[in-house]
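For reference, target-v9.tsv (TSV, C-alpha atoms):
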```tsv
chain	number	residue	atom	x	y	z
A	1	MET	CA	1.99	-6.56	14.18
A	2	THR	CA	3.93	-5.22	11.23
A	3	SER	CA	6.29	-7.25	9.21
A	4	HIS	CA	9.67	-5.85	8.38
A	5	VAL	CA	10.76	-7.11	5.01
A	6	GLN	CA	14.20	-6.21	3.92
A	7	SER	CA	14.46	-5.45	0.29
A	8	THR	CA	17.62	-5.72	-1.65
A	9	PRO	CA	18.49	-2.66	-3.64
A	10	ILE	CA	18.25	-3.06	-7.39
A	11	THR	CA	21.53	-2.12	-8.93
A	12	ALA	CA	22.19	-1.32	-12.54
A	13	PRO	CA	24.37	-3.80	-14.36
A	14	SER	CA	27.98	-2.80	-14.68
A	15	ARG	CA	29.00	-1.07	-17.86
A	16	GLY	CA	31.85	-3.56	-18.26
A	17	LEU	CA	29.51	-6.55	-18.15
A	18	ASN	CA	27.19	-4.94	-20.67
A	19	ILE	CA	30.11	-4.26	-23.03
A	20	ALA	CA	31.45	-7.79	-22.58
A	21	LEU	CA	28.03	-9.25	-23.38
A	22	TRP	CA	27.73	-7.10	-26.52
A	23	VAL	CA	31.19	-8.15	-27.69
A	24	LEU	CA	30.34	-11.81	-27.07
A	25	GLN	CA	26.98	-11.46	-28.81
A	26	LEU	CA	28.66	-9.99	-31.89
A	27	LEU	CA	31.49	-12.53	-31.97
A	28	LEU	CA	29.10	-15.43	-31.48
A	29	ALA	CA	26.80	-14.07	-34.17
A	30	VAL	CA	29.70	-13.95	-36.64
A	31	ALA	CA	30.79	-17.48	-35.70
A	32	PHE	CA	27.29	-18.89	-36.05
A	33	LEU	CA	26.64	-17.02	-39.31
A	34	MET	CA	29.81	-18.51	-40.74
A	35	ALA	CA	29.12	-22.03	-39.46
A	36	GLY	CA	25.46	-21.95	-40.48
A	37	GLY	CA	26.23	-20.39	-43.84
A	38	PHE	CA	28.77	-23.13	-44.49
A	39	LYS	CA	26.26	-25.86	-43.65
A	40	LEU	CA	23.61	-24.26	-45.87
A	41	SER	CA	25.80	-23.50	-48.87
A	42	THR	CA	28.05	-26.56	-49.06
A	43	PRO	CA	26.99	-29.28	-51.52
A	44	ALA	CA	26.22	-32.68	-49.98
A	45	GLU	CA	29.12	-34.28	-51.87
A	46	ALA	CA	31.57	-31.93	-50.18
A	47	PHE	CA	30.33	-33.02	-46.74
A	48	VAL	CA	31.02	-36.65	-47.66
A	49	ALA	CA	34.44	-35.72	-49.07
A	50	GLN	CA	35.28	-34.01	-45.75
A	51	GLY	CA	34.34	-37.14	-43.82
A	52	MET	CA	31.12	-35.79	-42.31
A	53	THR	CA	28.84	-38.75	-41.70
A	54	ALA	CA	25.81	-36.92	-40.30
A	55	PRO	CA	22.77	-36.87	-42.58
A	56	VAL	CA	22.71	-33.84	-44.87
A	57	TRP	CA	19.22	-32.87	-43.64
A	58	ALA	CA	20.58	-32.70	-40.07
A	59	LEU	CA	23.45	-30.46	-41.18
A	60	ARG	CA	21.05	-28.19	-43.07
A	61	LEU	CA	18.73	-28.00	-40.04
A	62	ALA	CA	21.70	-27.12	-37.84
A	63	GLY	CA	22.71	-24.46	-40.39
A	64	ILE	CA	19.26	-22.88	-40.37
A	65	SER	CA	19.25	-22.93	-36.55
A	66	GLU	CA	22.67	-21.31	-36.40
A	67	VAL	CA	21.82	-18.53	-38.86
A	68	LEU	CA	18.53	-17.73	-37.13
A	69	GLY	CA	20.23	-17.89	-33.74
A	70	ALA	CA	22.95	-15.49	-34.92
A	71	VAL	CA	20.30	-13.00	-35.97
A	72	GLY	CA	18.54	-13.46	-32.63
A	73	LEU	CA	21.74	-12.79	-30.69
A	74	VAL	CA	22.00	-9.26	-32.04
A	75	LEU	CA	18.96	-7.72	-33.71
A	76	PRO	CA	16.33	-7.84	-30.94
A	77	SER	CA	18.70	-6.20	-28.47
A	78	LEU	CA	20.18	-3.79	-30.98
A	79	PHE	CA	16.79	-2.39	-31.95
A	80	ARG	CA	15.32	-2.99	-28.47
A	81	VAL	CA	12.30	-4.68	-30.02
A	82	GLN	CA	11.49	-7.82	-28.05
A	83	PRO	CA	15.03	-7.88	-26.55
A	84	ARG	CA	14.06	-10.88	-24.41
A	85	LEU	CA	14.54	-12.90	-27.62
A	86	THR	CA	18.31	-12.42	-27.35
A	87	PRO	CA	18.82	-14.61	-24.26
A	88	ILE	CA	16.34	-17.11	-25.68
A	89	ALA	CA	18.40	-17.28	-28.90
A	90	ALA	CA	21.58	-17.71	-26.84
A	91	ALA	CA	20.02	-20.53	-24.79
A	92	LEU	CA	18.76	-22.30	-27.91
A	93	LEU	CA	22.16	-21.99	-29.58
A	94	ALA	CA	23.69	-23.54	-26.45
A	95	LEU	CA	21.26	-26.42	-26.95
A	96	VAL	CA	22.22	-26.76	-30.64
A	97	VAL	CA	25.93	-26.94	-29.84
A	98	GLY	CA	25.16	-29.28	-26.93
A	99	LEU	CA	23.60	-31.63	-29.46
A	100	ALA	CA	26.74	-31.27	-31.58
A	101	VAL	CA	28.86	-32.25	-28.58
A	102	ALA	CA	26.64	-35.28	-27.95
A	103	THR	CA	26.84	-36.27	-31.62
A	104	HIS	CA	30.64	-36.05	-31.65
A	105	LEU	CA	30.83	-38.05	-28.43
A	106	ALA	CA	28.53	-40.74	-29.86
A	107	MET	CA	30.76	-40.95	-32.93
A	108	GLY	CA	33.91	-41.23	-30.81
A	109	GLN	CA	35.27	-37.88	-32.03
A	110	LEU	CA	36.57	-36.56	-28.72
A	111	GLY	CA	38.79	-33.92	-30.31
A	112	ALA	CA	35.83	-32.42	-32.13
A	113	ILE	CA	33.92	-31.54	-28.96
A	114	VAL	CA	36.11	-28.63	-27.88
A	115	PRO	CA	34.83	-25.93	-30.30
A	116	PRO	CA	31.12	-26.59	-29.72
A	117	LEU	CA	31.71	-26.98	-25.99
A	118	VAL	CA	33.37	-23.56	-25.83
A	119	LEU	CA	30.61	-22.01	-27.97
A	120	GLY	CA	28.00	-23.59	-25.71
A	121	LEU	CA	29.58	-22.16	-22.59
A	122	LEU	CA	29.81	-18.70	-24.16
A	123	CYS	CA	26.17	-18.88	-25.31
A	124	SER	CA	25.15	-19.95	-21.81
A	125	PHE	CA	26.98	-16.94	-20.37
A	126	VAL	CA	25.18	-14.60	-22.80
A	127	ALA	CA	21.84	-16.21	-21.94
A	128	TRP	CA	22.48	-15.77	-18.22
A	129	GLY	CA	23.78	-12.25	-18.68
A	130	ARG	CA	20.85	-11.05	-20.75
A	131	PHE	CA	18.23	-12.90	-18.67
A	132	LYS	CA	19.53	-11.94	-15.22
A	133	ALA	CA	22.59	-9.73	-14.90
A	134	ALA	CA	22.24	-7.17	-17.69
A	135	PRO	CA	18.91	-7.45	-19.48
A	136	ILE	CA	18.12	-4.95	-22.19
A	137	ALA	CA	14.94	-2.97	-21.73
A	138	PRO	CA	12.52	-2.79	-24.64
A	139	LYS	CA	12.12	0.48	-26.47
A	140	ARG	CA	9.39	2.61	-25.02
A	141	SER	CA	6.50	3.41	-27.29
A	142	GLY	CA	5.99	7.02	-28.30
A	143	VAL	CA	2.60	7.08	-26.54
A	144	LYS	CA	2.53	9.42	-23.55
A	145	PRO	CA	0.22	8.66	-20.64
```

Can the structure from this file be put into structure tokens for me?
Amino acid sequence: MTSHVQSTPITAPSRGLNIALWVLQLLLAVAFLMAGGFKLSTPAEAFVAQGMTAPVWALRLAGISEVLGAVGLVLPSLFRVQPRLTPIAAALLALVVGLAVATHLAMGQLGAIVPPLVLGLLCSFVAWGRFKAAPIAPKRSGVKP
């Protein structure tokens, strides 16, 4: 008895989705570079003056995470070297901003959750898009079989 297994055709991702993901990756990278750069370059006294009550070490750690995540959103896919790192970076940035949302909620700062919530949703979309819908293939080596 033979089994008839229906296979679903593999379709290439739409060009529009790929462009949208690239635009989002670039915009998110700029946003996270700016936010992370701010957290890394601002003196501790300025954080206190702005009313930030989180420990400075936590802000610096968030800044490092944001800068590294911004790099991970673009460079692996751009150079097609380990492009699977791009959706991983997007997922980890979604986690970082999720922690920011939780921190703001714990501090009773409901108005402050909107920006990180939006960033988290956009990062989640990029992670999904690059994991499932429009992954970027790694560069082929110059070795011929």

request  = Could you check how far atom CA of Ala70 of chain A sits from atom CA of Phe125 of chain A, in Å to one decimal?
outcome  =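 Taking atom CA of Ala70 of chain A as the start and atom CA of Phe125 of chain A as the end point, the length is 15.2 Å.
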
Pick from A:Leu93, A:Ala35, A:Ile88, A:Val81 nearest to Leu122 of chain A, counting only C-alpha atoms =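 Distance minimum relative to Leu122 of chain A lands on A:Leu93.
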
Would you give me, as JSON lines, each residue of segment 63-100 of chain A having an atom within 12 Å of an atom of segment 9-27 of chain A, along with its shortest atom pair and that distance in Å to one decimal, using only C-alpha atoms and sorting by chain and residue number?
```
{"residue": "A:Gly69", "atom": "CA", "partner": "A:Gln25", "partner_atom": "CA", "distance": 10.5}
{"residue": "A:Ala70", "atom": "CA", "partner": "A:Gln25", "partner_atom": "CA", "distance": 8.4}
{"residue": "A:Val71", "atom": "CA", "partner": "A:Leu26", "partner_atom": "CA", "distance": 9.8}
{"residue": "A:Gly72", "atom": "CA", "partner": "A:Gln25", "partner_atom": "CA", "distance": 9.5}
{"residue": "A:Leu73", "atom": "CA", "partner": "A:Gln25", "partner_atom": "CA", "distance": 5.7}
{"residue": "A:Val74", "atom": "CA", "partner": "A:Gln25", "partner_atom": "CA", "distance": 6.3}
{"residue": "A:Leu75", "atom": "CA", "partner": "A:Gln25", "partner_atom": "CA", "distance": 10.1}
{"residue": "A:Pro76", "atom": "CA", "partner": "A:Gln25", "partner_atom": "CA", "distance": 11.4}
{"residue": "A:Ser77", "atom": "CA", "partner": "A:Trp22", "partner_atom": "CA", "distance": 9.3}
{"residue": "A:Leu78", "atom": "CA", "partner": "A:Trp22", "partner_atom": "CA", "distance": 9.4}
{"residue": "A:Thr86", "atom": "CA", "partner": "A:Gln25", "partner_atom": "CA", "distance": 8.8}
{"residue": "A:Pro87", "atom": "CA", "partner": "A:Gln25", "partner_atom": "CA", "distance": 9.9}
{"residue": "A:Ala89", "atom": "CA", "partner": "A:Gln25", "partner_atom": "CA", "distance": 10.4}
{"residue": "A:Ala90", "atom": "CA", "partner": "A:Gln25", "partner_atom": "CA", "distance": 8.5}
{"residue": "A:Leu93", "atom": "CA", "partner": "A:Gln25", "partner_atom": "CA", "distance": 11.6}
```

Residues near Thr42 of chain A, cut-off 10 Å, only C-alpha atoms, skip fewer than 3 positions along chain, as a PDB file with C-alpha atoms, keeping the file's coordinate frame:
```pdb
ATOM      1  CA  GLY A  37      26.230 -20.390 -43.840  1.00  0.00           C
ATOM      2  CA  PHE A  38      28.770 -23.130 -44.490  1.00  0.00           C
ATOM      3  CA  LYS A  39      26.260 -25.860 -43.650  1.00  0.00           C
ATOM      4  CA  GLU A  45      29.120 -34.280 -51.870  1.00  0.00           C
ATOM      5  CA  ALA A  46      31.570 -31.930 -50.180  1.00  0.00           C
ATOM      6  CA  PHE A  47      30.330 -33.020 -46.740  1.00  0.00           C
ATOM      7  CA  VAL A  56      22.710 -33.840 -44.870  1.00  0.00           C
ATOM      8  CA  LEU A  59      23.450 -30.460 -41.180  1.00  0.00           C
ATOM      9  CA  ARG A  60      21.050 -28.190 -43.070  1.00  0.00           C
TER      10      ARG A  60
END
```

query = Near Leu92 of chain A, within 10 Å and counting all atoms listed in the file, which residues show up once chain neighbours fewer than 5 positions away are dropped, as an MDAnalysis selection string?
reply = chainID A and resid 65:66 69 86:87 97:98 120 123:124 127

query = Nearest to Pro55 of chain A: which of A:Ser41, A:Gln109, A:Thr103, A:Gln82 is it, counting all atoms listed in the file?
reply = A:Thr103

request  = Go through A:Leu33, A:Ala44, A:Ile113, A:Ala49 and flag the residue nearest Gly63 of chain A, using all atoms listed in the file for the distances.
outcome  =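 Using all atoms listed in the file, Gly63 of chain A sits closest to A:Leu33.
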
inquiry  = Nearest residue to Leu121 of chain A out of A:Leu61, A:Ala31, A:Gly51, A:Leu95, using all atoms listed in the file?
reply    =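 Smallest separation from Leu121 of chain A among the options: A:Leu95.
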
Distance in Å - atom CA of Ala91 of chain A versus atom CA of Ser141 of chain A =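 Computed distance, atom CA of Ala91 of chain A to atom CA of Ser141 of chain A, equals 27.6 Å.
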
inquiry  = When you look at Val114 of chain A with a cut-off of 12 Å (counting all atoms listed in the file), what residues show up, excluding the ones that are within fewer than 2 positions of it in the same chain? I need them as a list in words.
reply    = Val97, Gly98, Ala100, Val101, Ala102, His104, Leu105, Gln109, Leu110, Gly111, Ala112, Pro116, Leu117, Val118, Leu119, Gly120 and Leu121 of chain A

request  = Give me, please, the distance in Å between atom CA of Pro83 of chain A and atom CA of Gly36 of chain A, quoted to one decimal.
outcome  =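 Separating atom CA of Pro83 of chain A from atom CA of Gly36 of chain A is a distance of 22.4 Å.
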